[in-house]
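Structure file model-v9.cif (mmCIF, C-alpha atoms) is printed below.
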```
data_input
#
loop_
_atom_site.label_atom_id
_atom_site.label_comp_id
_atom_site.auth_asym_id
_atom_site.auth_seq_id
_atom_site.Cartn_x
_atom_site.Cartn_y
_atom_site.Cartn_z
CA MET Y 1 117.51 154.29 134.25
CA THR Y 2 118.28 156.13 131.04
CA ASP Y 3 115.20 158.17 130.11
CA GLY Y 4 113.28 158.25 133.37
CA THR Y 5 110.73 155.67 132.28
CA GLN Y 6 112.45 152.49 131.13
CA SER Y 7 115.35 150.58 132.62
CA VAL Y 8 118.20 149.18 130.57
CA VAL Y 9 117.71 145.50 129.74
CA LEU Y 10 120.86 143.43 130.18
CA ALA Y 11 121.31 139.89 128.90
CA PRO Y 12 122.27 137.11 131.32
CA THR Y 13 125.93 136.12 131.18
CA ALA Y 14 127.77 132.81 130.92
CA PRO Y 15 131.29 131.95 132.14
CA VAL Y 16 134.07 131.83 129.57
CA PHE Y 17 136.97 129.55 130.47
CA PRO Y 18 139.92 129.77 130.82
CA ALA Y 19 139.63 133.57 130.67
CA ALA Y 20 137.78 133.89 134.02
CA ALA Y 21 135.32 136.22 132.29
CA ARG Y 22 131.59 136.31 131.67
CA MET Y 23 130.05 136.82 128.24
CA PRO Y 24 126.51 138.15 127.66
CA VAL Y 25 124.52 135.28 126.16
CA VAL Y 26 122.74 137.48 123.61
CA GLY Y 27 124.92 139.46 121.26
CA LEU Y 28 124.25 141.64 118.26
CA GLY Y 29 125.16 139.76 115.10
CA THR Y 30 126.40 141.95 112.25
CA TRP Y 31 126.83 139.47 109.39
CA THR Y 32 124.87 140.33 106.17
CA GLN Y 33 124.33 143.93 107.34
CA LYS Y 34 126.16 145.51 104.41
CA LYS Y 35 124.28 148.74 103.64
CA PRO Y 36 126.59 151.67 104.48
CA GLY Y 37 125.77 153.05 107.90
CA ASP Y 38 123.47 150.20 108.96
CA VAL Y 39 126.02 148.45 111.16
CA ARG Y 40 127.27 151.64 112.80
CA ASP Y 41 123.71 152.74 113.55
CA ALA Y 42 122.70 149.29 114.84
CA VAL Y 43 125.70 149.09 117.19
CA GLU Y 44 125.07 152.57 118.56
CA LEU Y 45 121.34 151.96 118.93
CA ALA Y 46 121.83 148.58 120.60
CA ILE Y 47 124.12 150.00 123.28
CA ARG Y 48 122.60 153.44 123.71
CA HIS Y 49 119.16 154.59 124.86
CA VAL Y 50 117.11 152.00 126.75
CA LEU Y 51 118.79 149.04 125.08
CA GLY Y 52 121.37 147.08 127.02
CA TYR Y 53 123.44 145.22 124.43
CA ARG Y 54 126.97 144.71 125.66
CA HIS Y 55 128.03 141.90 123.30
CA ILE Y 56 128.82 142.77 119.66
CA ASP Y 57 129.93 140.10 117.17
CA CYS Y 58 131.71 140.94 113.94
CA ALA Y 59 134.42 139.54 111.64
CA ALA Y 60 137.13 140.71 109.29
CA GLU Y 61 135.44 138.77 106.49
CA TYR Y 62 132.18 140.69 106.98
CA GLY Y 63 133.94 143.89 105.92
CA ASN Y 64 132.18 145.93 108.60
CA GLU Y 65 134.69 146.27 111.44
CA GLU Y 66 135.22 149.98 110.74
CA GLU Y 67 131.48 150.61 111.05
CA VAL Y 68 131.34 148.59 114.26
CA GLY Y 69 134.29 150.63 115.48
CA ALA Y 70 132.53 153.90 114.65
CA GLY Y 71 129.48 152.83 116.63
CA LEU Y 72 131.62 151.74 119.57
CA ALA Y 73 133.61 154.98 119.52
CA ALA Y 74 130.43 157.04 119.74
CA VAL Y 75 129.12 155.29 122.86
CA LEU Y 76 132.53 155.09 124.53
CA GLN Y 77 133.41 158.72 123.94
CA ASP Y 78 130.18 160.10 125.38
CA GLY Y 79 130.33 157.83 128.45
CA THR Y 80 127.28 155.69 127.64
CA VAL Y 81 129.39 152.66 128.59
CA ARG Y 82 132.93 151.91 129.69
CA ARG Y 83 135.12 149.62 127.60
CA GLU Y 84 135.21 147.00 130.36
CA GLU Y 85 131.40 146.72 130.21
CA LEU Y 86 131.49 145.54 126.59
CA TRP Y 87 132.22 142.15 125.04
CA ILE Y 88 133.58 142.50 121.53
CA THR Y 89 134.16 139.45 119.34
CA THR Y 90 135.75 139.39 115.91
CA LYS Y 91 137.30 136.67 113.76
CA LEU Y 92 140.49 135.76 111.95
CA ASP Y 93 139.89 135.70 108.20
CA ASN Y 94 140.71 132.56 106.22
CA PRO Y 95 143.72 133.95 104.28
CA ASP Y 96 145.41 134.98 107.55
CA HIS Y 97 145.99 131.55 109.12
CA ALA Y 98 149.80 131.56 108.78
CA HIS Y 99 151.51 132.07 112.14
CA THR Y 100 153.27 135.12 110.66
CA ARG Y 101 149.89 136.70 109.80
CA VAL Y 102 147.73 136.03 112.86
CA GLU Y 103 149.02 138.85 115.08
CA ALA Y 104 149.10 141.32 112.21
CA ALA Y 105 145.51 140.42 111.27
CA CYS Y 106 144.39 140.85 114.87
CA ARG Y 107 146.06 144.25 115.10
CA GLU Y 108 144.42 145.28 111.83
CA SER Y 109 141.02 144.33 113.27
CA LEU Y 110 141.78 146.28 116.44
CA ARG Y 111 142.70 149.33 114.35
CA ARG Y 112 139.46 149.13 112.40
CA LEU Y 113 137.49 148.68 115.63
CA SER Y 114 139.40 151.51 117.36
CA LEU Y 115 140.13 149.20 120.31
CA SER Y 116 143.25 148.19 122.21
CA TYR Y 117 142.12 144.63 122.93
CA LEU Y 118 139.42 142.09 122.02
CA ASP Y 119 137.32 140.13 124.46
CA LEU Y 120 137.19 137.17 122.08
CA TYR Y 121 139.06 136.36 118.86
CA LEU Y 122 137.89 133.36 116.84
CA VAL Y 123 139.37 131.33 113.99
CA HIS Y 124 136.49 131.90 111.57
CA TRP Y 125 136.73 128.62 109.62
CA PRO Y 126 139.11 125.63 109.79
CA PHE Y 127 140.05 126.54 106.22
CA ASN Y 128 142.51 129.01 104.70
CA GLY Y 129 140.55 129.68 101.54
CA ARG Y 130 142.97 127.85 99.21
CA PRO Y 131 142.41 124.48 97.52
CA GLN Y 132 145.31 122.20 98.56
CA ALA Y 133 145.86 118.54 99.38
CA THR Y 134 146.11 119.14 103.14
CA LEU Y 135 145.40 122.17 105.27
CA ASP Y 136 148.58 124.25 105.40
CA PRO Y 137 149.10 125.87 107.81
CA SER Y 138 147.40 123.37 110.06
CA LEU Y 139 144.76 124.47 112.52
CA GLU Y 140 147.21 123.59 115.30
CA GLU Y 141 149.85 125.96 113.87
CA THR Y 142 147.30 128.75 113.58
CA TRP Y 143 146.18 128.10 117.15
CA GLY Y 144 149.72 128.45 118.44
CA ALA Y 145 149.80 131.98 117.04
CA MET Y 146 146.35 132.68 118.51
CA GLU Y 147 147.70 131.78 121.96
CA GLY Y 148 150.34 134.47 121.52
CA LEU Y 149 147.59 137.09 121.30
CA VAL Y 150 146.41 136.24 124.80
CA ARG Y 151 149.94 136.43 126.18
CA LYS Y 152 150.40 139.87 124.62
CA GLY Y 153 147.08 141.18 125.93
CA LEU Y 154 145.53 141.60 122.48
CA ALA Y 155 142.69 139.17 123.27
CA ARG Y 156 141.21 138.14 126.60
CA ALA Y 157 139.96 134.85 125.17
CA ILE Y 158 140.37 132.90 121.94
CA GLY Y 159 138.21 130.31 120.27
CA VAL Y 160 137.03 128.76 117.03
CA SER Y 161 134.02 128.81 114.74
CA ASN Y 162 132.52 126.20 112.42
CA THR Y 163 134.79 123.57 113.95
CA SER Y 164 133.92 119.90 114.53
CA ALA Y 165 134.60 117.89 117.67
CA LYS Y 166 137.22 115.84 115.81
CA LYS Y 167 139.16 118.95 114.79
CA LEU Y 168 138.79 120.42 118.27
CA GLU Y 169 140.08 117.20 119.81
CA ARG Y 170 143.28 117.45 117.79
CA LEU Y 171 143.65 121.09 118.73
CA LEU Y 172 143.09 120.42 122.45
CA ALA Y 173 145.82 117.78 122.43
CA LYS Y 174 148.42 120.45 121.62
CA ALA Y 175 146.89 123.64 123.02
CA THR Y 176 148.42 125.42 125.99
CA ILE Y 177 145.45 127.82 126.09
CA ARG Y 178 142.15 126.03 125.54
CA PRO Y 179 139.51 127.33 123.14
CA ALA Y 180 136.97 129.28 125.17
CA VAL Y 181 134.17 129.31 122.58
CA ASN Y 182 133.01 127.43 119.50
CA GLN Y 183 130.66 129.54 117.39
CA VAL Y 184 128.49 127.32 115.20
CA GLU Y 185 125.13 127.25 113.48
CA ALA Y 186 122.34 126.13 115.83
CA HIS Y 187 118.55 126.49 115.83
CA PRO Y 188 115.58 124.07 115.98
CA TYR Y 189 116.08 123.06 112.33
CA TRP Y 190 119.75 122.34 113.06
CA ARG Y 191 120.09 121.54 116.75
CA ASN Y 192 123.73 120.47 116.44
CA GLN Y 193 123.16 118.70 119.74
CA GLU Y 194 126.01 116.21 119.62
CA LEU Y 195 128.63 118.92 119.06
CA ILE Y 196 127.08 121.20 121.70
CA ASP Y 197 127.09 118.39 124.27
CA TRP Y 198 130.70 117.55 123.42
CA CYS Y 199 131.76 121.17 123.93
CA LYS Y 200 129.83 121.51 127.19
CA GLU Y 201 131.54 118.44 128.61
CA ARG Y 202 134.89 120.13 127.97
CA GLY Y 203 133.99 123.58 129.27
CA ILE Y 204 133.77 125.17 125.82
CA LEU Y 205 130.91 127.66 125.54
CA VAL Y 206 128.88 127.36 122.34
CA THR Y 207 127.60 130.49 120.62
CA ALA Y 208 124.79 129.85 118.14
CA TYR Y 209 124.90 131.89 114.96
CA SER Y 210 121.82 132.06 112.72
CA PRO Y 211 119.56 131.32 115.73
CA LEU Y 212 116.56 132.41 113.63
CA GLY Y 213 117.43 129.95 110.85
CA SER Y 214 119.20 132.52 108.63
CA PRO Y 215 115.98 133.59 106.84
CA HIS Y 216 117.60 136.45 104.92
CA THR Y 217 120.22 134.27 103.21
CA HIS Y 218 117.87 131.78 101.53
CA ARG Y 219 118.32 133.33 98.09
CA TYR Y 220 121.96 134.28 98.57
CA PHE Y 221 122.96 130.68 99.18
CA LYS Y 222 120.61 129.44 96.45
CA ARG Y 223 119.03 126.85 98.72
CA GLY Y 224 116.72 124.27 97.22
CA GLU Y 225 112.98 124.82 97.26
CA ASP Y 226 112.62 121.85 99.61
CA VAL Y 227 114.71 123.53 102.34
CA PRO Y 228 112.14 125.00 104.75
CA LEU Y 229 112.22 128.41 106.41
CA LEU Y 230 112.31 128.08 110.18
CA MET Y 231 110.51 131.39 110.80
CA GLN Y 232 107.52 130.03 108.87
CA ASP Y 233 107.31 126.78 110.83
CA GLU Y 234 103.77 126.09 112.08
CA THR Y 235 104.90 124.71 115.44
CA LEU Y 236 107.04 127.78 116.06
CA LYS Y 237 104.20 130.13 115.09
CA ARG Y 238 101.79 128.25 117.37
CA VAL Y 239 104.14 128.55 120.36
CA ALA Y 240 104.73 132.25 119.63
CA GLU Y 241 101.01 132.96 119.38
CA LYS Y 242 100.33 131.01 122.58
CA HIS Y 243 102.69 133.26 124.54
CA ASN Y 244 101.96 136.51 122.68
CA LYS Y 245 105.55 136.72 121.50
CA SER Y 246 107.25 136.88 118.11
CA PRO Y 247 108.82 133.77 116.54
CA ALA Y 248 112.22 135.47 116.94
CA ASP Y 249 111.63 135.93 120.69
CA ILE Y 250 110.80 132.25 121.02
CA LEU Y 251 113.94 131.19 119.16
CA VAL Y 252 116.19 133.40 121.31
CA SER Y 253 114.60 131.98 124.46
CA TRP Y 254 115.05 128.43 123.14
CA ALA Y 255 118.74 129.04 122.36
CA VAL Y 256 119.52 130.48 125.80
CA GLN Y 257 117.45 127.86 127.61
CA ARG Y 258 119.51 125.04 126.09
CA GLY Y 259 122.71 126.61 127.38
CA THR Y 260 124.08 128.42 124.34
CA ALA Y 261 124.76 132.06 123.66
CA CYS Y 262 123.18 133.39 120.46
CA LEU Y 263 123.56 136.19 117.92
CA PRO Y 264 120.25 137.42 116.47
CA LYS Y 265 120.56 140.23 113.93
CA SER Y 266 118.39 143.31 113.61
CA THR Y 267 118.62 147.05 112.96
CA LYS Y 268 115.16 147.88 114.37
CA GLU Y 269 114.85 149.12 117.93
CA GLU Y 270 111.74 147.10 118.79
CA HIS Y 271 113.37 143.87 117.57
CA LEU Y 272 116.64 144.62 119.33
CA ARG Y 273 114.84 145.16 122.61
CA SER Y 274 112.58 142.11 122.35
CA ASN Y 275 115.51 139.86 121.42
CA LEU Y 276 117.32 141.00 124.55
CA GLU Y 277 114.28 140.61 126.79
CA ALA Y 278 113.65 137.11 125.43
CA ALA Y 279 116.92 135.89 126.93
CA SER Y 280 115.46 136.16 130.44
CA TRP Y 281 112.13 134.48 129.62
CA ARG Y 282 111.83 130.69 129.83
CA LEU Y 283 109.71 128.53 127.60
CA PRO Y 284 107.46 126.03 129.37
CA GLU Y 285 108.95 122.56 129.15
CA ASP Y 286 106.34 121.22 126.72
CA ASP Y 287 106.95 124.04 124.25
CA PHE Y 288 110.72 123.75 124.62
CA ALA Y 289 110.42 120.02 123.93
CA ALA Y 290 108.23 120.60 120.87
CA LEU Y 291 110.83 122.91 119.35
CA SER Y 292 113.57 120.41 120.17
CA ALA Y 293 111.92 117.49 118.39
CA PHE Y 294 111.91 118.35 114.67
CA SER Y 295 112.96 115.18 112.88
CA LYS Y 296 114.25 116.88 109.73
CA GLN Y 297 117.50 118.75 110.30
CA TYR Y 298 119.11 121.15 107.84
CA ARG Y 299 122.29 123.22 107.97
CA MET Y 300 121.39 126.54 106.43
CA LEU Y 301 125.11 127.30 105.99
CA ASP Y 302 126.54 123.99 104.87
CA GLY Y 303 130.05 125.24 104.04
CA ALA Y 304 129.85 124.18 100.38
CA TRP Y 305 132.21 127.04 99.47
CA CYS Y 306 135.02 125.19 101.34
CA ILE Y 307 134.74 122.07 99.19
CA SER Y 308 137.20 121.39 96.35
CA PRO Y 309 138.31 118.23 94.52
CA GLU Y 310 141.88 119.36 95.29
CA GLY Y 311 141.23 119.39 99.06
CA PRO Y 312 141.71 119.89 101.89
CA TYR Y 313 137.96 119.14 102.12
CA ARG Y 314 136.64 117.13 99.21
CA SER Y 315 133.17 116.68 100.67
CA LEU Y 316 130.91 118.16 103.33
CA GLU Y 317 131.52 115.01 105.34
CA GLU Y 318 135.24 115.81 105.48
CA LEU Y 319 134.59 119.43 106.44
CA TRP Y 320 132.23 118.59 109.28
CA ASP Y 321 133.68 115.15 110.19
CA THR Y 322 130.30 113.44 109.96
CA GLU Y 323 129.09 110.31 108.18
CA HIS Y 324 126.42 112.05 106.15
CA GLU Y 325 125.65 115.66 105.22
CA ARG Y 326 122.66 116.97 103.33
CA GLY Y 327 123.88 119.85 101.19
CA THR Y 328 121.56 122.86 101.10
CA SER Y 329 123.71 125.51 99.39
CA ASN Y 330 124.57 125.86 95.74
CA VAL Y 331 127.14 128.58 96.46
CA LYS Y 332 130.63 127.37 95.63
CA GLY Y 333 134.25 128.43 95.57
CA LYS Y 334 135.29 131.66 97.25
CA GLU Y 335 131.79 132.74 98.28
CA ARG Y 336 131.75 132.43 102.05
CA GLY Y 337 129.38 132.63 104.96
CA SER Y 338 129.22 133.23 108.70
#
```

This structure in structure tokens:
Amino acid sequence: MTDGTQSVVLAPTAPVFPAAARMPVVGLGTWTQKKPGDVRDAVELAIRHVLGYRHIDCAAEYGNEEEVGAGLAAVLQDGTVRREELWITTKLDNPDHAHTRVEAACRESLRRLSLSYLDLYLVHWPFNGRPQATLDPSLEETWGAMEGLVRKGLARAIGVSNTSAKKLERLLAKATIRPAVNQVEAHPYWRNQELIDWCKERGILVTAYSPLGSPHTHRYFKRGEDVPLLMQDETLKRVAEKHNKSPADILVSWAVQRGTACLPKSTKEEHLRSNLEAASWRLPEDDFAALSAFSKQYRMLDGAWCISPEGPYRSLEELWDTEHERGTSNVKGKERGS
């Protein structure tokens, strides 16, 4: 108990291999929270008071690690939590893929976060940010340097993000430490089921980013008018009304129920709490099935900013290793996403 009336809500956890650790399946996402002070306040609020967030997700590319670190320092210094109770994830930025840069980049993130180790360090994109004929350094070379972080105690677990099964298969063939997590977009409008099943079969935990359909980035990524907003979907609203819950609650429950972790974003206490509580509530099978049956599927973050006629990815199909991709973003070049 923290205030004498309400107990702390903790998210369920899922095993992370090969680290022999357990990760809370609902984390606080911090991407797009750019207003000064917002991230620090959200991190502190999510962990403190009657909220029980223990999983915080950030990235060097988001430019907010120092704010996350300030929020963490506040709750660690006053004894609200111990470091070992937290799960902190951050990500290697695209320009830092060279084996000579990986450790330095990790240490820079640790400095900004005011931490001595990470629970999870991810390769943010299978892309170094530079147009070139082939990816250099290769993902396998970058991964070799990532493995060194585990051996030196800088990261408990390592993984990837935005990475296809084909790319992961090549990486697994040479890895001495397997990827623990693949963080990818997933929600009812982009179930990503084939990739999730592939990862599950190989013991790789999938974390779903944009579990609410990334509603706040519609204008930023200049999506077409025909790309729908998940939070306005009539089926979703009907299910939410039926159970007297918010659409966001339903989407968090759906994500956890299908065996993924997820990273909803909010800075409001009532939303933070309800997102966390939703992880322990199960949708009835008929409602779960209805949300899992949308025929039209759309990536909200299609990775168009990685595409260049010079390579290494000349099309969305090459980036995602699929036969067909429906582009939704008109953002190009160096503008990047989650």

Legend entry - Picked residues, the PyMOL selection byres ((chain Y and resi 92-103) around 7), as a list of chain:residue names: Y:Ala60, Y:Glu61, Y:Lys91, Y:Ala104, Y:Ala105, Y:Cys106, Y:Arg107, Y:Leu122, Y:Val123, Y:His124, Y:Trp125, Y:Phe127, Y:Asn128, Y:Gly129, Y:Pro137, Y:Glu141, Y:Thr142, Y:Ala145, Y:Met146, Y:Leu149

Inset, instruction - Fewer than 5 positions away in the same chain doesn't count, so skip those; otherwise give me all residues within 9 Å of Leu195 in chain Y, counting all atoms listed in the file, as a ChimeraX atom specification. - result: /Y:164-165,200

Inset, instruction - Check which residues satisfy the PyMOL selection byres ((chain Y and resi 249) around 10) in the file shown, then give them as JSON, numbers by chain. - result: {"Y": [212, 240, 244, 245, 246, 247, 248, 250, 251, 252, 253, 254, 264, 271, 273, 274, 275, 276, 277, 278, 279, 281]}

Using C-alpha atoms, can you write the selected residues to a file as a tab-separated table (two decimals), in the coordinates of the input?
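Wrote it out as out.tsv, contents follow:
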```
chain	number	residue	atom	x	y	z
Y	212	LEU	CA	116.56	132.41	113.63
Y	240	ALA	CA	104.73	132.25	119.63
Y	244	ASN	CA	101.96	136.51	122.68
Y	245	LYS	CA	105.55	136.72	121.50
Y	246	SER	CA	107.25	136.88	118.11
Y	247	PRO	CA	108.82	133.77	116.54
Y	248	ALA	CA	112.22	135.47	116.94
Y	250	ILE	CA	110.80	132.25	121.02
Y	251	LEU	CA	113.94	131.19	119.16
Y	252	VAL	CA	116.19	133.40	121.31
Y	253	SER	CA	114.60	131.98	124.46
Y	254	TRP	CA	115.05	128.43	123.14
Y	264	PRO	CA	120.25	137.42	116.47
Y	271	HIS	CA	113.37	143.87	117.57
Y	273	ARG	CA	114.84	145.16	122.61
Y	274	SER	CA	112.58	142.11	122.35
Y	275	ASN	CA	115.51	139.86	121.42
Y	276	LEU	CA	117.32	141.00	124.55
Y	277	GLU	CA	114.28	140.61	126.79
Y	278	ALA	CA	113.65	137.11	125.43
Y	279	ALA	CA	116.92	135.89	126.93
Y	281	TRP	CA	112.13	134.48	129.62
```

Inset, instruction - May I have the residues within 8 Å of Asp119 in chain Y as a ChimeraX atom specification, using only C-alpha atoms and disregarding those fewer than 6 positions away in the same chain? - result: /Y:87-89,155-157

Residues from the last selection, C-alpha atoms, saved as a PDB file, in the coordinates of the input:
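Done, and the output landed in again.pdb:
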```
ATOM      1  CA  TRP Y  87     132.220 142.150 125.040  1.00  0.00           C
ATOM      2  CA  ILE Y  88     133.580 142.500 121.530  1.00  0.00           C
ATOM      3  CA  THR Y  89     134.160 139.450 119.340  1.00  0.00           C
ATOM      4  CA  ALA Y 155     142.690 139.170 123.270  1.00  0.00           C
ATOM      5  CA  ARG Y 156     141.210 138.140 126.600  1.00  0.00           C
ATOM      6  CA  ALA Y 157     139.960 134.850 125.170  1.00  0.00           C
TER       7      ALA Y 157
END
```

Inset, instruction - Would you list the contacts of range 55-58 of chain Y as a PyMOL selection string, taking every protein, DNA or RNA residue within 8 Å and counting all atoms listed in the file, but skipping same-chain residues closer than 5 positions in sequence? - result: chain Y and resi 23-24+26-31+43+64-65+68+86-91+263

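CA of Thr207 in chain Y is found 21.9 Å from CA of Asp287 in chain Y.
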
Distance query Ser214 in chain Y at most 10 Å, all atoms listed in the file, self and fewer than 2 positions along chain excluded, as a PDB file with C-alpha atoms, in the frame of the given file:
```
ATOM      1  CA  THR Y  32     124.870 140.330 106.170  1.00  0.00           C
ATOM      2  CA  GLU Y 185     125.130 127.250 113.480  1.00  0.00           C
ATOM      3  CA  HIS Y 187     118.550 126.490 115.830  1.00  0.00           C
ATOM      4  CA  TYR Y 209     124.900 131.890 114.960  1.00  0.00           C
ATOM      5  CA  SER Y 210     121.820 132.060 112.720  1.00  0.00           C
ATOM      6  CA  PRO Y 211     119.560 131.320 115.730  1.00  0.00           C
ATOM      7  CA  LEU Y 212     116.560 132.410 113.630  1.00  0.00           C
ATOM      8  CA  HIS Y 216     117.600 136.450 104.920  1.00  0.00           C
ATOM      9  CA  THR Y 217     120.220 134.270 103.210  1.00  0.00           C
ATOM     10  CA  HIS Y 218     117.870 131.780 101.530  1.00  0.00           C
ATOM     11  CA  LEU Y 229     112.220 128.410 106.410  1.00  0.00           C
ATOM     12  CA  LEU Y 230     112.310 128.080 110.180  1.00  0.00           C
ATOM     13  CA  MET Y 231     110.510 131.390 110.800  1.00  0.00           C
ATOM     14  CA  PRO Y 264     120.250 137.420 116.470  1.00  0.00           C
ATOM     15  CA  LYS Y 265     120.560 140.230 113.930  1.00  0.00           C
ATOM     16  CA  ARG Y 299     122.290 123.220 107.970  1.00  0.00           C
ATOM     17  CA  MET Y 300     121.390 126.540 106.430  1.00  0.00           C
ATOM     18  CA  LEU Y 301     125.110 127.300 105.990  1.00  0.00           C
TER      19      LEU Y 301
END
```

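Once Tyr298 in chain Y and its same-chain neighbours fewer than 3 positions away are set aside, Tyr189, Trp190, Val227, Arg326 and Thr328 of chain Y remain within 8 Å of it when counting all atoms listed in the file.
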
Legend entry - Between CA of Leu283 in chain Y and CA of Cys262 in chain Y, distance in Å (one decimal): 16.0 Å

Legend entry - Atomic separation - CA of Leu76 in chain Y relative to CA of Lys35 in chain Y, Å: 23.3 Å

Legend entry - Nearest to Ser280 in chain Y, chosen from Y:Ile177, Y:Ala261, Y:Val256, Y:Val331, with all atoms listed in the file counted in the distances: Y:Val256

Chain and number of each residue from the PyMOL selection byres ((chain Y and resi 44-46) around 9), as a compact mmCIF listing (two decimals) with C-alpha atoms, keeping the file's coordinate frame:
```txt
# COMPACT_ATOMS: atom_id res chain seq x y z
CA LEU Y 28 124.25 141.64 118.26
CA VAL Y 39 126.02 148.45 111.16
CA ARG Y 40 127.27 151.64 112.80
CA ASP Y 41 123.71 152.74 113.55
CA ALA Y 42 122.70 149.29 114.84
CA VAL Y 43 125.70 149.09 117.19
CA ILE Y 47 124.12 150.00 123.28
CA ARG Y 48 122.60 153.44 123.71
CA HIS Y 49 119.16 154.59 124.86
CA VAL Y 50 117.11 152.00 126.75
CA LEU Y 51 118.79 149.04 125.08
CA GLY Y 52 121.37 147.08 127.02
CA TYR Y 53 123.44 145.22 124.43
CA ARG Y 54 126.97 144.71 125.66
CA VAL Y 68 131.34 148.59 114.26
CA ALA Y 70 132.53 153.90 114.65
CA GLY Y 71 129.48 152.83 116.63
CA LEU Y 72 131.62 151.74 119.57
CA ALA Y 73 133.61 154.98 119.52
CA ALA Y 74 130.43 157.04 119.74
CA VAL Y 75 129.12 155.29 122.86
CA THR Y 267 118.62 147.05 112.96
CA LYS Y 268 115.16 147.88 114.37
CA GLU Y 269 114.85 149.12 117.93
CA LEU Y 272 116.64 144.62 119.33
CA ARG Y 273 114.84 145.16 122.61
```

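Proximity ranking of Y:Ala11, Y:Ala255, Y:Leu205, Y:Ala175 relative to Arg191 in chain Y places Y:Ala255 first, based on all atoms listed in the file.
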
Hey, could you patch up range 36-48 of chain Y with N, CA, C and O atoms and hand it over as a tab-separated table (two decimals), in the frame of the given file?
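File rebuild_2.tsv, as written:
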```tsv
chain	number	residue	atom	x	y	z
Y	36	PRO	N	125.76	150.71	103.76
Y	36	PRO	CA	126.59	151.67	104.48
Y	36	PRO	C	125.81	152.39	105.58
Y	36	PRO	O	124.71	152.90	105.37
Y	37	GLY	N	126.39	152.38	106.76
Y	37	GLY	CA	125.77	153.05	107.90
Y	37	GLY	C	124.90	152.17	108.76
Y	37	GLY	O	124.67	152.47	109.94
Y	38	ASP	N	124.40	151.06	108.21
Y	38	ASP	CA	123.47	150.20	108.96
Y	38	ASP	C	124.13	149.60	110.19
Y	38	ASP	O	123.54	149.58	111.27
Y	39	VAL	N	125.35	149.10	110.04
Y	39	VAL	CA	126.02	148.45	111.16
Y	39	VAL	C	126.37	149.46	112.23
Y	39	VAL	O	126.14	149.24	113.42
Y	40	ARG	N	126.93	150.59	111.82
Y	40	ARG	CA	127.27	151.64	112.80
Y	40	ARG	C	126.03	152.05	113.58
Y	40	ARG	O	126.06	152.14	114.82
Y	41	ASP	N	124.93	152.30	112.88
Y	41	ASP	CA	123.71	152.74	113.55
Y	41	ASP	C	123.16	151.65	114.47
Y	41	ASP	O	122.68	151.95	115.57
Y	42	ALA	N	123.22	150.38	114.02
Y	42	ALA	CA	122.70	149.29	114.84
Y	42	ALA	C	123.51	149.12	116.12
Y	42	ALA	O	122.94	148.90	117.20
Y	43	VAL	N	124.84	149.22	116.01
Y	43	VAL	CA	125.70	149.09	117.19
Y	43	VAL	C	125.40	150.20	118.18
Y	43	VAL	O	125.23	149.97	119.38
Y	44	GLU	N	125.33	151.43	117.68
Y	44	GLU	CA	125.07	152.57	118.56
Y	44	GLU	C	123.69	152.46	119.20
Y	44	GLU	O	123.53	152.67	120.41
Y	45	LEU	N	122.69	152.10	118.41
Y	45	LEU	CA	121.34	151.96	118.93
Y	45	LEU	C	121.25	150.85	119.97
Y	45	LEU	O	120.60	151.00	121.01
Y	46	ALA	N	121.91	149.73	119.70
Y	46	ALA	CA	121.83	148.58	120.60
Y	46	ALA	C	122.43	148.87	121.97
Y	46	ALA	O	121.97	148.33	122.99
Y	47	ILE	N	123.45	149.70	122.01
Y	47	ILE	CA	124.12	150.00	123.28
Y	47	ILE	C	123.52	151.21	123.97
Y	47	ILE	O	123.42	151.27	125.20
Y	48	ARG	N	123.08	152.17	123.18
Y	48	ARG	CA	122.60	153.44	123.71
Y	48	ARG	C	121.11	153.35	124.08
Y	48	ARG	O	120.47	152.33	123.95
```
